[in-house]
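The structure file entry-v7.tsv is reproduced below (TSV, C-alpha atoms).
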chain	number	residue	atom	x	y	z
A	1	MET	CA	-159.10	119.73	-158.27
A	2	ARG	CA	-161.42	122.71	-158.20
A	3	SER	CA	-164.93	122.37	-159.60
A	4	GLY	CA	-165.12	123.15	-163.31
A	5	SER	CA	-161.39	122.94	-163.95
A	6	THR	CA	-159.97	120.76	-166.70
A	7	PRO	CA	-158.21	117.64	-165.36
A	8	SER	CA	-154.52	117.37	-166.17
A	9	PRO	CA	-153.58	114.49	-168.45
A	10	LEU	CA	-152.04	111.51	-166.72
A	11	ARG	CA	-148.35	111.00	-167.37
A	12	CYS	CA	-147.37	107.36	-167.75
A	13	HIS	CA	-143.75	106.49	-167.17
A	14	PRO	CA	-142.37	103.45	-169.01
A	15	VAL	CA	-141.52	100.46	-166.83
A	16	THR	CA	-138.16	98.84	-167.43
A	17	ASP	CA	-138.42	95.09	-166.89
A	18	LEU	CA	-135.03	93.72	-165.83
A	19	SER	CA	-135.84	90.04	-166.10
A	20	ALA	CA	-133.28	87.26	-165.98
A	21	LEU	CA	-132.98	87.54	-169.77
A	22	SER	CA	-132.67	91.35	-169.95
A	23	PRO	CA	-129.29	93.03	-170.47
A	24	VAL	CA	-128.07	94.73	-167.31
A	25	PRO	CA	-127.50	98.47	-167.91
A	26	PRO	CA	-124.01	99.65	-166.92
A	27	GLY	CA	-124.01	101.31	-163.51
A	28	ALA	CA	-127.51	100.03	-162.71
A	29	ARG	CA	-126.41	98.79	-159.28
A	30	ASP	CA	-123.42	98.41	-157.02
A	31	ALA	CA	-121.10	95.47	-157.60
A	32	VAL	CA	-121.45	92.53	-155.22
A	33	LEU	CA	-119.30	89.84	-153.62
A	34	LYS	CA	-121.25	86.58	-153.20
A	35	PHE	CA	-120.00	83.33	-151.72
A	36	PHE	CA	-121.77	80.05	-152.52
A	37	PHE	CA	-120.67	77.18	-150.30
A	38	GLY	CA	-121.52	73.57	-149.56
A	39	PRO	CA	-119.95	70.11	-149.24
A	40	MET	CA	-118.60	68.09	-152.13
A	41	ASP	CA	-121.17	66.82	-154.65
A	42	CYS	CA	-123.65	69.66	-154.03
A	43	GLY	CA	-123.21	71.29	-157.46
A	44	LYS	CA	-120.95	74.29	-156.77
A	45	SER	CA	-119.00	74.01	-160.03
A	46	THR	CA	-122.18	73.32	-161.99
A	47	LEU	CA	-123.72	76.53	-160.65
A	48	ALA	CA	-120.51	78.43	-161.39
A	49	LEU	CA	-120.65	77.33	-165.03
A	50	GLN	CA	-124.35	78.17	-165.28
A	51	MET	CA	-123.83	81.65	-163.85
A	52	ASN	CA	-121.01	82.31	-166.29
A	53	TYR	CA	-123.29	81.26	-169.13
A	54	ASN	CA	-126.15	83.47	-167.93
A	55	HIS	CA	-123.96	86.56	-167.60
A	56	SER	CA	-121.98	86.09	-170.82
A	57	ARG	CA	-125.08	85.59	-172.97
A	58	GLN	CA	-126.19	89.09	-171.98
A	59	GLY	CA	-122.99	90.59	-173.29
A	60	ARG	CA	-121.22	90.90	-169.95
A	61	ARG	CA	-117.49	90.28	-170.02
A	62	GLY	CA	-116.10	87.98	-167.38
A	63	LEU	CA	-113.20	85.81	-166.33
A	64	VAL	CA	-113.43	82.28	-164.94
A	65	LEU	CA	-110.88	81.39	-162.26
A	66	THR	CA	-110.16	78.17	-160.40
A	67	LYS	CA	-107.59	76.45	-158.21
A	68	HIS	CA	-106.98	72.72	-157.71
A	69	ASP	CA	-109.83	71.57	-159.94
A	70	ARG	CA	-110.53	67.83	-159.74
A	71	SER	CA	-109.36	67.47	-163.35
A	72	GLY	CA	-105.85	68.55	-162.41
A	73	GLY	CA	-105.83	71.27	-165.07
A	74	PRO	CA	-106.78	74.95	-165.45
A	75	GLN	CA	-110.48	74.39	-165.98
A	76	VAL	CA	-113.77	74.25	-164.11
A	77	THR	CA	-115.36	70.81	-164.34
A	78	SER	CA	-118.51	69.34	-162.86
A	79	ARG	CA	-119.44	65.76	-162.07
A	80	ILE	CA	-122.33	65.92	-164.56
A	81	GLY	CA	-119.92	66.40	-167.46
A	82	LEU	CA	-119.79	70.17	-167.92
A	83	GLY	CA	-116.47	71.95	-168.23
A	84	LEU	CA	-114.80	75.21	-169.23
A	85	GLU	CA	-111.23	76.46	-169.52
A	86	ALA	CA	-110.23	78.76	-166.68
A	87	ILE	CA	-107.35	80.76	-165.24
A	88	GLU	CA	-105.42	78.86	-162.58
A	89	VAL	CA	-105.02	80.96	-159.42
A	90	GLU	CA	-101.47	80.48	-158.20
A	91	ASP	CA	-100.60	81.76	-154.73
A	92	SER	CA	-98.45	84.51	-156.27
A	93	LEU	CA	-101.19	85.79	-158.60
A	94	ASP	CA	-102.43	89.32	-157.83
A	95	LEU	CA	-106.08	89.32	-158.84
A	96	VAL	CA	-106.38	93.09	-159.09
A	97	THR	CA	-103.41	93.19	-161.47
A	98	LEU	CA	-104.90	90.31	-163.47
A	99	VAL	CA	-108.29	91.95	-163.92
A	100	THR	CA	-107.11	95.50	-164.57
A	101	ALA	CA	-104.85	94.23	-167.36
A	102	TYR	CA	-108.02	93.67	-169.43
A	103	ASP	CA	-109.88	96.50	-171.18
A	104	SER	CA	-113.06	95.75	-169.26
A	105	VAL	CA	-114.24	93.01	-166.91
A	106	ASP	CA	-117.78	92.99	-165.55
A	107	TYR	CA	-117.67	89.88	-163.38
A	108	LEU	CA	-115.51	87.08	-162.03
A	109	ILE	CA	-116.46	83.45	-161.51
A	110	CYS	CA	-114.13	82.13	-158.79
A	111	ASP	CA	-114.44	78.38	-158.40
A	112	GLU	CA	-112.64	76.54	-155.57
A	113	ALA	CA	-112.20	79.89	-153.83
A	114	CYS	CA	-111.61	78.11	-150.51
A	115	PHE	CA	-108.10	77.30	-151.79
A	116	TYR	CA	-107.18	80.92	-152.58
A	117	THR	CA	-104.95	82.86	-150.21
A	118	VAL	CA	-106.51	85.25	-147.71
A	119	ALA	CA	-104.72	88.10	-149.51
A	120	GLN	CA	-106.49	87.09	-152.75
A	121	ILE	CA	-109.86	87.22	-151.00
A	122	GLU	CA	-109.01	90.77	-149.94
A	123	GLN	CA	-108.18	91.50	-153.59
A	124	LEU	CA	-111.60	90.19	-154.64
A	125	ALA	CA	-113.21	92.65	-152.23
A	126	ASP	CA	-111.03	95.43	-153.69
A	127	LEU	CA	-112.24	94.56	-157.19
A	128	VAL	CA	-115.86	94.84	-156.04
A	129	ASP	CA	-115.47	98.07	-154.07
A	130	ASP	CA	-112.89	99.95	-156.13
A	131	HIS	CA	-113.44	98.65	-159.66
A	132	GLY	CA	-117.15	97.72	-159.78
A	133	VAL	CA	-116.54	94.07	-160.69
A	134	ASP	CA	-119.12	91.51	-159.57
A	135	VAL	CA	-117.46	88.52	-157.87
A	136	TYR	CA	-119.18	85.15	-157.54
A	137	ALA	CA	-117.10	82.79	-155.41
A	138	PHE	CA	-117.74	79.07	-154.93
A	139	GLY	CA	-116.10	76.64	-152.57
A	140	LEU	CA	-116.05	74.44	-149.50
A	141	ALA	CA	-116.44	76.01	-146.10
A	142	SER	CA	-114.42	73.50	-144.08
A	143	ASP	CA	-111.71	70.90	-144.59
A	144	PHE	CA	-111.64	67.16	-143.78
A	145	ARG	CA	-111.25	67.97	-140.05
A	146	SER	CA	-114.35	70.25	-140.12
A	147	VAL	CA	-112.04	73.26	-139.66
A	148	MET	CA	-112.78	76.27	-141.85
A	149	PHE	CA	-110.43	77.09	-144.69
A	150	PRO	CA	-108.82	80.52	-144.04
A	151	ALA	CA	-110.03	81.86	-147.40
A	152	ALA	CA	-113.57	80.61	-146.77
A	153	GLN	CA	-113.59	82.23	-143.35
A	154	ARG	CA	-112.56	85.55	-144.88
A	155	LEU	CA	-115.30	85.21	-147.48
A	156	PHE	CA	-117.85	84.67	-144.72
A	157	GLU	CA	-116.59	87.87	-143.11
A	158	LEU	CA	-116.46	90.04	-146.25
A	159	ALA	CA	-119.15	88.80	-148.64
A	160	ASP	CA	-122.29	90.82	-149.29
A	161	GLU	CA	-124.19	87.56	-149.51
A	162	VAL	CA	-123.35	84.05	-148.29
A	163	CYS	CA	-125.47	81.26	-149.78
A	164	ARG	CA	-125.53	77.60	-148.78
A	165	LEU	CA	-126.34	75.60	-151.89
A	166	GLN	CA	-129.73	73.95	-151.72
A	167	VAL	CA	-128.89	70.74	-153.63
A	168	GLU	CA	-129.07	68.25	-150.76
A	169	VAL	CA	-126.22	65.79	-150.41
A	170	LEU	CA	-126.90	62.76	-148.22
A	171	CYS	CA	-124.71	60.86	-145.82
A	172	TRP	CA	-124.80	57.07	-146.19
A	173	CYS	CA	-127.32	57.00	-143.32
A	174	GLY	CA	-129.77	59.28	-145.11
A	175	ARG	CA	-129.16	62.38	-143.03
A	176	PRO	CA	-128.03	65.61	-144.73
A	177	GLY	CA	-124.32	65.46	-145.58
A	178	LEU	CA	-122.61	68.54	-144.19
A	179	LEU	CA	-118.93	67.63	-143.78
A	180	ASN	CA	-116.21	66.19	-146.00
A	181	GLY	CA	-114.30	63.22	-144.59
A	182	ARG	CA	-110.90	62.23	-145.98
A	183	ILE	CA	-110.63	58.47	-146.43
A	184	VAL	CA	-107.21	56.81	-146.65
A	185	GLY	CA	-107.01	53.02	-146.90
A	186	GLY	CA	-110.68	52.70	-146.04
A	187	GLU	CA	-110.38	54.69	-142.80
A	188	LEU	CA	-111.40	58.24	-141.98
A	189	VAL	CA	-108.31	60.30	-141.06
A	190	ARG	CA	-108.09	63.48	-139.01
A	191	THR	CA	-104.46	64.48	-139.51
A	192	GLY	CA	-102.48	65.51	-142.56
A	193	GLU	CA	-102.08	68.39	-144.96
A	194	GLN	CA	-105.12	70.65	-145.15
A	195	VAL	CA	-105.23	70.48	-148.96
A	196	VAL	CA	-104.90	67.08	-150.65
A	197	ILE	CA	-106.61	66.91	-154.03
A	198	GLY	CA	-109.02	64.01	-154.41
A	199	ASP	CA	-112.58	63.20	-155.37
A	200	THR	CA	-115.48	61.12	-154.12
A	201	ASP	CA	-114.55	58.08	-156.20
A	202	ARG	CA	-112.79	54.90	-155.00
A	203	SER	CA	-109.23	56.24	-155.17
A	204	PRO	CA	-106.74	55.31	-152.39
A	205	VAL	CA	-107.15	58.84	-151.03
A	206	ARG	CA	-110.72	59.98	-151.46
A	207	TYR	CA	-113.42	62.05	-149.80
A	208	GLN	CA	-116.85	61.10	-148.51
A	209	VAL	CA	-119.64	63.46	-147.53
A	210	LEU	CA	-120.92	62.64	-144.03
A	211	CYS	CA	-123.45	63.95	-141.55
A	212	ARG	CA	-122.08	65.49	-138.36
A	213	ARG	CA	-122.74	62.34	-136.33
A	214	HIS	CA	-120.81	60.02	-138.61
A	215	HIS	CA	-118.04	62.51	-139.33
A	216	ARG	CA	-117.42	62.68	-135.59
A	217	SER	CA	-117.71	58.92	-135.04
A	218	GLY	CA	-115.76	57.95	-138.18
A	219	LEU	CA	-118.37	55.40	-139.33
A	220	LEU	CA	-118.36	55.20	-143.13
A	221	GLY	CA	-121.28	52.85	-143.71
A	222	GLU	CA	-119.54	50.11	-145.67
A	223	GLY	CA	-120.89	46.72	-144.68
A	224	THR	CA	-123.65	48.15	-142.49
A	225	ALA	CA	-127.32	47.45	-142.90

Once more with this new file: its structure as structure tokens, please.
Amino acid sequence: MRSGSTPSPLRCHPVTDLSALSPVPPGARDAVLKFFFGPMDCGKSTLALQMNYNHSRQGRRGLVLTKHDRSGGPQVTSRIGLGLEAIEVEDSLDLVTLVTAYDSVDYLICDEACFYTVAQIEQLADLVDDHGVDVYAFGLASDFRSVMFPAAQRLFELADEVCRLQVEVLCWCGRPGLLNGRIVGGELVRTGEQVVIGDTDRSPVRYQVLCRRHHRSGLLGEGTA
């Protein structure tokens, strides 16, 4: 500024605060594909229900999808008692056709995405890239043999973000539980169909979260000090 000149008035631009409770303006950002994974009991379905609640309360329109929920029906349920009706993802269901049949869909909540087909994971990526739909997928990474589910592997390859859930699940020994063991007749098994629906209760066929050491050794902890 030269000496003696009149200073120009400062121009203040308003700041838009997009907090967690602020509506998201249409077109404010690119759509995303996120995959949240972890072993059984770590709260994947609980987080899925919470995210659906957070988005819907801001006026966003979404669909909730699931496959092989523990309840046996077309709904997302959590072990802490929460639940919501959902669309069951059959192997023959084309997800792009499903979503584009609606007037407008802003986001998808895809629970148990590890059980989807690989083609359906590709369709989720198409919905993000070609239709601007946010996709939040939740599921296991690996099966009872510690082998990755094909759909989970494709999500690891395609997702914009991959997030291991931070709710720590413990093995019976106290170490972090990372792997899901299938228990039949009180014994850990390593052969059988990749998908057998069960829970972590005391059913004849059940699952138990184990650390790597005890998943590999097959020790389940019953009767041990």

- Task: Would you kindly return, as number ranges by chain, each protein, DNA or RNA residue with an atom no farther than 8 Å from any atom of stretch 129-141 of chain A, considering all atoms listed in the file and excluding same-chain residues fewer than 5 positions away?
- Result: A: 30-40, 44-45, 48, 105-114, 124, 148-149, 152-153

Take every atom of stretch 26-41 of chain A listed in the file, fit an axis-aligned box around them, add 5 Å per side, and give the centre and edge lengths in Å to one decimal as AutoDock Vina command-line options.
--center_x -123.1 --center_y 84.1 --center_z -158.1 --size_x 18.9 --size_y 44.5 --size_z 27.7

- Of the residues A:Glu90, A:Asp69, A:Glu193, A:Glu122, which is the one nearest to A:Leu155, using all atoms listed in the file?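 Ranking A:Glu90, A:Asp69, A:Glu193, A:Glu122 by distance to A:Leu155, first place goes to A:Glu122.
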
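Atom to atom, atom CA of A:Pro204 and atom CA of A:Leu47 stand 28.4 Å apart.
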
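Of the residues listed (A:Ala159, A:Leu63, A:Leu49, A:Val169), A:Leu49 shows the shortest atom-to-atom separation from A:Leu82; distances use all atoms listed in the file.
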
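The coordinates place atom CA of A:Gln208 at 19.9 Å from atom CA of A:Gly81.
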
- Message: Taking only C-alpha atoms into account, name the residue in A:His215, A:Arg164, A:Arg29, A:Arg60 that is nearest to A:Gly177.
- Response: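 Answer, going by the shortest atom-to-atom distance: A:His215.
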
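The gap separating atom CA of A:Leu127 from atom CA of A:Asp94 is 11.1 Å, in Å to one decimal.
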
N, CA and C atoms are what I want for stretch 175-195 of chain A; can you complete it accordingly and write them as a short mmCIF file (atom, residue, chain, number, x, y, z; two decimals), in the frame of the given file?
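Final output, out_10.cif:
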data_model
loop_
_atom_site.label_atom_id
_atom_site.label_comp_id
_atom_site.auth_asym_id
_atom_site.auth_seq_id
_atom_site.Cartn_x
_atom_site.Cartn_y
_atom_site.Cartn_z
N ARG A 175 -129.12 61.02 -143.56
CA ARG A 175 -129.16 62.38 -143.03
C ARG A 175 -128.45 63.34 -143.99
N PRO A 176 -128.73 64.65 -143.88
CA PRO A 176 -128.03 65.61 -144.73
C PRO A 176 -126.52 65.53 -144.53
N GLY A 177 -125.78 65.47 -145.64
CA GLY A 177 -124.32 65.46 -145.58
C GLY A 177 -123.80 66.87 -145.50
N LEU A 178 -123.09 67.18 -144.44
CA LEU A 178 -122.61 68.54 -144.19
C LEU A 178 -121.09 68.66 -144.22
N LEU A 179 -120.37 67.56 -143.97
CA LEU A 179 -118.93 67.63 -143.78
C LEU A 179 -118.22 66.65 -144.71
N ASN A 180 -116.99 67.01 -145.08
CA ASN A 180 -116.21 66.19 -146.00
C ASN A 180 -115.18 65.39 -145.21
N GLY A 181 -115.27 64.07 -145.26
CA GLY A 181 -114.30 63.22 -144.59
C GLY A 181 -113.24 62.75 -145.57
N ARG A 182 -111.98 62.76 -145.14
CA ARG A 182 -110.90 62.23 -145.98
C ARG A 182 -110.69 60.76 -145.62
N ILE A 183 -110.73 59.91 -146.64
CA ILE A 183 -110.63 58.47 -146.43
C ILE A 183 -109.31 57.99 -147.03
N VAL A 184 -108.49 57.37 -146.20
CA VAL A 184 -107.21 56.81 -146.65
C VAL A 184 -107.18 55.35 -146.23
N GLY A 185 -107.03 54.45 -147.21
CA GLY A 185 -107.01 53.02 -146.90
C GLY A 185 -108.27 52.53 -146.24
N GLY A 186 -109.40 53.13 -146.59
CA GLY A 186 -110.68 52.70 -146.04
C GLY A 186 -111.01 53.25 -144.67
N GLU A 187 -110.15 54.13 -144.13
CA GLU A 187 -110.38 54.69 -142.80
C GLU A 187 -110.45 56.21 -142.88
N LEU A 188 -111.33 56.79 -142.06
CA LEU A 188 -111.40 58.24 -141.98
C LEU A 188 -110.21 58.76 -141.18
N VAL A 189 -109.49 59.75 -141.73
CA VAL A 189 -108.31 60.30 -141.06
C VAL A 189 -108.59 61.73 -140.62
N ARG A 190 -107.88 62.14 -139.57
CA ARG A 190 -108.09 63.48 -139.01
C ARG A 190 -106.80 64.29 -138.93
N THR A 191 -105.72 63.76 -139.48
CA THR A 191 -104.46 64.48 -139.51
C THR A 191 -103.91 64.46 -140.93
N GLY A 192 -103.08 65.43 -141.23
CA GLY A 192 -102.48 65.51 -142.56
C GLY A 192 -102.55 66.92 -143.10
N GLU A 193 -102.05 67.09 -144.30
CA GLU A 193 -102.08 68.39 -144.96
C GLU A 193 -103.53 68.84 -145.15
N GLN A 194 -103.75 70.15 -145.01
CA GLN A 194 -105.12 70.65 -145.15
C GLN A 194 -105.64 70.43 -146.57
N VAL A 195 -104.80 70.61 -147.57
CA VAL A 195 -105.23 70.48 -148.96
C VAL A 195 -104.55 69.27 -149.59
#
